[in-house]
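Source file run13.pdb; content: PDB, C-alpha atoms, pLDDT in the B column.
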ATOM      1  CA  MET A   1      35.155   3.159  18.180  1.00 68.00           C
ATOM      2  CA  ASP A   2      35.936   3.716  14.516  1.00 89.00           C
ATOM      3  CA  CYS A   3      34.295   0.562  13.165  1.00 96.00           C
ATOM      4  CA  LEU A   4      32.307   0.773   9.938  1.00 96.00           C
ATOM      5  CA  PHE A   5      29.819  -1.918  10.968  1.00 97.00           C
ATOM      6  CA  CYS A   6      29.350  -0.467  14.463  1.00 97.00           C
ATOM      7  CA  LYS A   7      28.476   2.839  12.781  1.00 97.00           C
ATOM      8  CA  ILE A   8      26.005   1.069  10.475  1.00 97.00           C
ATOM      9  CA  ILE A   9      24.387  -0.689  13.452  1.00 97.00           C
ATOM     10  CA  ALA A  10      24.139   2.655  15.279  1.00 96.00           C
ATOM     11  CA  GLY A  11      22.471   4.268  12.248  1.00 96.00           C
ATOM     12  CA  GLU A  12      25.365   6.698  11.713  1.00 96.00           C
ATOM     13  CA  ILE A  13      25.957   5.279   8.235  1.00 96.00           C
ATOM     14  CA  PRO A  14      22.959   4.370   6.087  1.00 97.00           C
ATOM     15  CA  SER A  15      22.351   0.774   5.060  1.00 97.00           C
ATOM     16  CA  LYS A  16      19.602  -1.231   3.417  1.00 98.00           C
ATOM     17  CA  LYS A  17      18.398  -3.213   6.421  1.00 98.00           C
ATOM     18  CA  VAL A  18      17.220  -6.778   5.963  1.00 98.00           C
ATOM     19  CA  TYR A  19      16.675  -7.702   9.616  1.00 98.00           C
ATOM     20  CA  GLU A  20      17.367  -6.443  13.135  1.00 98.00           C
ATOM     21  CA  ASP A  21      16.853  -7.711  16.657  1.00 98.00           C
ATOM     22  CA  ALA A  22      18.502  -7.110  20.028  1.00 97.00           C
ATOM     23  CA  HIS A  23      21.537  -9.229  19.117  1.00 97.00           C
ATOM     24  CA  CYS A  24      22.237  -8.852  15.415  1.00 98.00           C
ATOM     25  CA  TYR A  25      21.777  -6.664  12.374  1.00 98.00           C
ATOM     26  CA  ALA A  26      21.529  -7.772   8.730  1.00 98.00           C
ATOM     27  CA  PHE A  27      21.941  -5.520   5.703  1.00 98.00           C
ATOM     28  CA  TYR A  28      22.582  -5.798   1.977  1.00 98.00           C
ATOM     29  CA  ASP A  29      26.214  -5.733   0.834  1.00 97.00           C
ATOM     30  CA  ILE A  30      27.107  -2.565  -1.092  1.00 95.00           C
ATOM     31  CA  ASN A  31      29.245  -4.648  -3.485  1.00 94.00           C
ATOM     32  CA  PRO A  32      27.135  -7.781  -4.032  1.00 94.00           C
ATOM     33  CA  GLN A  33      28.864 -10.924  -5.253  1.00 93.00           C
ATOM     34  CA  ALA A  34      25.614 -12.764  -6.033  1.00 93.00           C
ATOM     35  CA  GLU A  35      22.014 -11.922  -6.961  1.00 95.00           C
ATOM     36  CA  THR A  36      21.235 -11.755  -3.239  1.00 97.00           C
ATOM     37  CA  HIS A  37      24.092 -10.833  -0.901  1.00 97.00           C
ATOM     38  CA  PHE A  38      23.620  -9.575   2.628  1.00 98.00           C
ATOM     39  CA  LEU A  39      25.703  -9.481   5.776  1.00 98.00           C
ATOM     40  CA  VAL A  40      24.698 -10.515   9.279  1.00 98.00           C
ATOM     41  CA  VAL A  41      26.701  -8.986  12.125  1.00 98.00           C
ATOM     42  CA  PRO A  42      26.504  -9.294  15.891  1.00 98.00           C
ATOM     43  CA  LYS A  43      25.679  -6.022  17.599  1.00 97.00           C
ATOM     44  CA  THR A  44      28.471  -6.728  20.074  1.00 96.00           C
ATOM     45  CA  HIS A  45      31.765  -5.746  18.485  1.00 97.00           C
ATOM     46  CA  LEU A  46      34.028  -8.730  17.884  1.00 97.00           C
ATOM     47  CA  ALA A  47      36.882  -8.155  15.448  1.00 97.00           C
ATOM     48  CA  SER A  48      36.776 -11.649  13.949  1.00 97.00           C
ATOM     49  CA  ALA A  49      35.897 -15.288  14.561  1.00 97.00           C
ATOM     50  CA  ASN A  50      39.116 -15.461  16.596  1.00 97.00           C
ATOM     51  CA  GLU A  51      37.270 -13.567  19.346  1.00 97.00           C
ATOM     52  CA  ILE A  52      34.436 -16.088  19.735  1.00 97.00           C
ATOM     53  CA  THR A  53      34.557 -17.562  23.233  1.00 97.00           C
ATOM     54  CA  ALA A  54      32.397 -19.769  25.402  1.00 97.00           C
ATOM     55  CA  GLU A  55      31.040 -16.569  26.967  1.00 96.00           C
ATOM     56  CA  ASN A  56      29.852 -14.974  23.689  1.00 96.00           C
ATOM     57  CA  ALA A  57      29.166 -18.078  21.573  1.00 97.00           C
ATOM     58  CA  ALA A  58      25.415 -17.858  22.206  1.00 97.00           C
ATOM     59  CA  GLU A  59      25.274 -14.580  20.258  1.00 95.00           C
ATOM     60  CA  ILE A  60      26.902 -16.271  17.280  1.00 97.00           C
ATOM     61  CA  ALA A  61      24.608 -19.291  17.599  1.00 98.00           C
ATOM     62  CA  HIS A  62      21.695 -16.839  17.545  1.00 98.00           C
ATOM     63  CA  ILE A  63      22.898 -15.512  14.187  1.00 98.00           C
ATOM     64  CA  PHE A  64      22.788 -19.033  12.803  1.00 98.00           C
ATOM     65  CA  THR A  65      19.150 -19.360  13.893  1.00 98.00           C
ATOM     66  CA  VAL A  66      18.304 -16.000  12.319  1.00 98.00           C
ATOM     67  CA  ILE A  67      19.909 -16.623   8.918  1.00 98.00           C
ATOM     68  CA  PRO A  68      17.460 -19.400   7.887  1.00 98.00           C
ATOM     69  CA  LYS A  69      14.524 -17.226   8.981  1.00 98.00           C
ATOM     70  CA  ILE A  70      15.767 -14.291   6.898  1.00 98.00           C
ATOM     71  CA  CYS A  71      16.347 -16.558   3.903  1.00 98.00           C
ATOM     72  CA  LYS A  72      12.866 -18.040   4.218  1.00 98.00           C
ATOM     73  CA  ASP A  73      11.343 -14.541   4.414  1.00 97.00           C
ATOM     74  CA  LEU A  74      13.271 -13.587   1.251  1.00 97.00           C
ATOM     75  CA  GLY A  75      12.141 -16.743  -0.528  1.00 96.00           C
ATOM     76  CA  LEU A  76      15.650 -18.171  -0.765  1.00 96.00           C
ATOM     77  CA  GLU A  77      15.693 -21.957  -0.912  1.00 92.00           C
ATOM     78  CA  SER A  78      19.472 -22.344  -1.067  1.00 95.00           C
ATOM     79  CA  TYR A  79      22.239 -20.060   0.067  1.00 96.00           C
ATOM     80  CA  ARG A  80      25.878 -19.904   1.095  1.00 96.00           C
ATOM     81  CA  ILE A  81      27.235 -18.510   4.367  1.00 97.00           C
ATOM     82  CA  ILE A  82      30.823 -17.230   4.344  1.00 96.00           C
ATOM     83  CA  ASN A  83      33.009 -15.825   7.099  1.00 97.00           C
ATOM     84  CA  ASN A  84      36.453 -14.410   6.336  1.00 96.00           C
ATOM     85  CA  CYS A  85      38.791 -14.397   9.338  1.00 97.00           C
ATOM     86  CA  GLY A  86      41.819 -12.147   8.947  1.00 95.00           C
ATOM     87  CA  ALA A  87      43.275 -10.098   6.120  1.00 94.00           C
ATOM     88  CA  GLY A  88      44.831 -13.129   4.409  1.00 94.00           C
ATOM     89  CA  ALA A  89      41.364 -14.669   4.138  1.00 94.00           C
ATOM     90  CA  GLY A  90      39.840 -11.509   2.692  1.00 93.00           C
ATOM     91  CA  GLN A  91      38.402  -9.862   5.825  1.00 96.00           C
ATOM     92  CA  THR A  92      38.326  -6.130   5.096  1.00 95.00           C
ATOM     93  CA  VAL A  93      36.180  -4.890   8.001  1.00 96.00           C
ATOM     94  CA  LEU A  94      37.353  -5.867  11.473  1.00 97.00           C
ATOM     95  CA  HIS A  95      33.907  -6.663  12.840  1.00 98.00           C
ATOM     96  CA  LEU A  96      32.772 -10.279  12.767  1.00 98.00           C
ATOM     97  CA  HIS A  97      30.295 -10.744   9.926  1.00 98.00           C
ATOM     98  CA  PHE A  98      28.728 -13.475   7.884  1.00 98.00           C
ATOM     99  CA  HIS A  99      28.083 -13.087   4.161  1.00 97.00           C
ATOM    100  CA  VAL A 100      24.906 -14.768   2.944  1.00 98.00           C
ATOM    101  CA  LEU A 101      24.795 -15.271  -0.823  1.00 96.00           C
ATOM    102  CA  SER A 102      22.089 -16.735  -3.015  1.00 96.00           C
ATOM    103  CA  GLY A 103      20.844 -16.607  -6.551  1.00 89.00           C
ATOM    104  CA  SER A 104      21.951 -18.383  -9.693  1.00 79.00           C
ATOM    105  CA  ASN A 105      23.664 -21.681  -9.060  1.00 76.00           C
ATOM    106  CA  LEU A 106      26.702 -20.718  -6.999  1.00 83.00           C
ATOM    107  CA  GLY A 107      28.353 -24.059  -7.720  1.00 79.00           C
ATOM    108  CA  GLU A 108      30.868 -25.769  -5.475  1.00 79.00           C
ATOM    109  CA  ARG A 109      33.713 -23.290  -5.974  1.00 69.00           C
ATOM    110  CA  LEU A 110      34.301 -20.902  -3.128  1.00 70.00           C
ATOM    111  CA  VAL A 111      36.501 -18.477  -5.075  1.00 58.00           C
TER
END
How does the structure come out when it is put into structure tokens?
Amino acid sequence: MDCLFCKIIAGEIPSKKVYEDAHCYAFYDINPQAETHFLVVPKTHLASANEITAENAAEIAHIFTVIPKICKDLGLESYRIINNCGAGAGQTVLHLHFHVLSGSNLGERLV
């Protein structure tokens, strides 16, 4: 498969790892949009949130239990989680991923 994030997970492309377990991988974004900006991706390839099903939803739920642990370990008290689904929403890598941003007051605006 020619997926950038699958290659990062496999160690074929270097990344600055934040966290890893059997189900997900987290790494710092190479183009950060906040003081702290990392991505959390499932190790199972899913192109987008449109591919979440009852059968694989537990893997995604696991990510949402991991994110607060990572943030606590990094000393982040508040943070934003963003998922872009599809090109029109800004998804540039077709592997489901969650952006976690923190730092200076992010405010209420999403764009």
Explicit residues for the PyMOL selection byres ((chain A and resi 80) around 9) (as a ChimeraX atom specification) = /A:78-79,81-82,99-102,106
By how many Å are atom CA of Ala57 of chain A and atom CA of Asp21 of chain A apart?
->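 These atoms are spaced 16.8 Å apart.
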Quick one: of A:Ala54, A:Ile30, A:Gly11, A:His95, who's nearest to Pro42 of chain A, counting all atoms listed in the file?
->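 Of A:Ala54, A:Ile30, A:Gly11, A:His95, the one nearest Pro42 of chain A, counting all atoms listed in the file, is A:His95.
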Taking only C-alpha atoms into account, which of A:Val93, A:Ala10, A:Cys85, A:Leu4 comes nearest Ala49 of chain A?
->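 Under the stated criterion, the closest residue is A:Cys85.
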When you draw a straight line from atom CA of Ser48 of chain A to atom CA of Thr92 of chain A, how long is it in Å?
->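 These atoms are spaced 10.5 Å apart.
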Using only C-alpha atoms, give me every residue within 12 Å of (37.5, -7.9, 15.3) in file coordinates, as an MDAnalysis selection string.
-> chainID A and resid 1:6 41:42 44:52 84:87 91:97
To box segment 17-28 of chain A, take all atoms listed in the file, fit an axis-aligned box, add 5 Å on each side, and give centre and edge lengths in Å to one decimal, as AutoDock Vina command-line options.
--center_x 19.6 --center_y -6.2 --center_z 11.0 --size_x 15.9 --size_y 16.0 --size_z 28.1
Measure the distance from atom CA of Lys43 of chain A to atom CA of Cys24 of chain A in Å and round it to one decimal.
-> 5.0 Å
Applied to the shown file, which residues does the PyMOL selection byres ((chain A and resi 17) around 8) return, written as an NGL selection string?
-> :A and (15-16 or 18-20 or 25-28)
Shortest interatomic distance to Ile63 of chain A - which of A:Ala22, A:Leu110, A:Ile9, A:Val40, counting all atoms listed in the file =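 Ranked by minimum distance to Ile63 of chain A, first place goes to A:Val40.
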Pick from A:Phe64, A:Asn31, A:Thr36, A:Thr53, whichever lies nearest to Leu76 of chain A using all atoms listed in the file = A:Thr36
Could you model N, CA and C atoms for segment 3-14 of chain A and present them as an mmCIF file, in the frame of the given file?
data_model
loop_
_atom_site.group_PDB
_atom_site.id
_atom_site.type_symbol
_atom_site.label_atom_id
_atom_site.label_comp_id
_atom_site.auth_asym_id
_atom_site.auth_seq_id
_atom_site.Cartn_x
_atom_site.Cartn_y
_atom_site.Cartn_z
ATOM 1 N N CYS A 3 34.611 1.792 13.893
ATOM 2 C CA CYS A 3 34.295 0.562 13.165
ATOM 3 C C CYS A 3 33.131 0.836 12.225
ATOM 4 N N LEU A 4 33.335 0.543 10.948
ATOM 5 C CA LEU A 4 32.307 0.773 9.938
ATOM 6 C C LEU A 4 30.995 0.086 10.297
ATOM 7 N N PHE A 5 31.054 -1.192 10.684
ATOM 8 C CA PHE A 5 29.819 -1.918 10.968
ATOM 9 C C PHE A 5 29.170 -1.447 12.252
ATOM 10 N N CYS A 6 29.947 -1.040 13.249
ATOM 11 C CA CYS A 6 29.350 -0.467 14.463
ATOM 12 C C CYS A 6 28.599 0.811 14.122
ATOM 13 N N LYS A 7 29.145 1.607 13.204
ATOM 14 C CA LYS A 7 28.476 2.839 12.781
ATOM 15 C C LYS A 7 27.195 2.532 11.994
ATOM 16 N N ILE A 8 27.217 1.471 11.193
ATOM 17 C CA ILE A 8 26.005 1.069 10.475
ATOM 18 C C ILE A 8 24.943 0.614 11.468
ATOM 19 N N ILE A 9 25.326 -0.210 12.433
ATOM 20 C CA ILE A 9 24.387 -0.689 13.452
ATOM 21 C C ILE A 9 23.776 0.484 14.216
ATOM 22 N N ALA A 10 24.597 1.488 14.523
ATOM 23 C CA ALA A 10 24.139 2.655 15.279
ATOM 24 C C ALA A 10 23.311 3.616 14.436
ATOM 25 N N GLY A 11 23.229 3.382 13.125
ATOM 26 C CA GLY A 11 22.471 4.268 12.248
ATOM 27 C C GLY A 11 23.242 5.498 11.810
ATOM 28 N N GLU A 12 24.534 5.554 12.107
ATOM 29 C CA GLU A 12 25.365 6.698 11.713
ATOM 30 C C GLU A 12 25.716 6.656 10.234
ATOM 31 N N ILE A 13 25.715 5.466 9.666
ATOM 32 C CA ILE A 13 25.957 5.279 8.235
ATOM 33 C C ILE A 13 24.743 4.527 7.689
ATOM 34 N N PRO A 14 24.158 5.026 6.610
ATOM 35 C CA PRO A 14 22.959 4.370 6.087
ATOM 36 C C PRO A 14 23.255 2.974 5.529
#
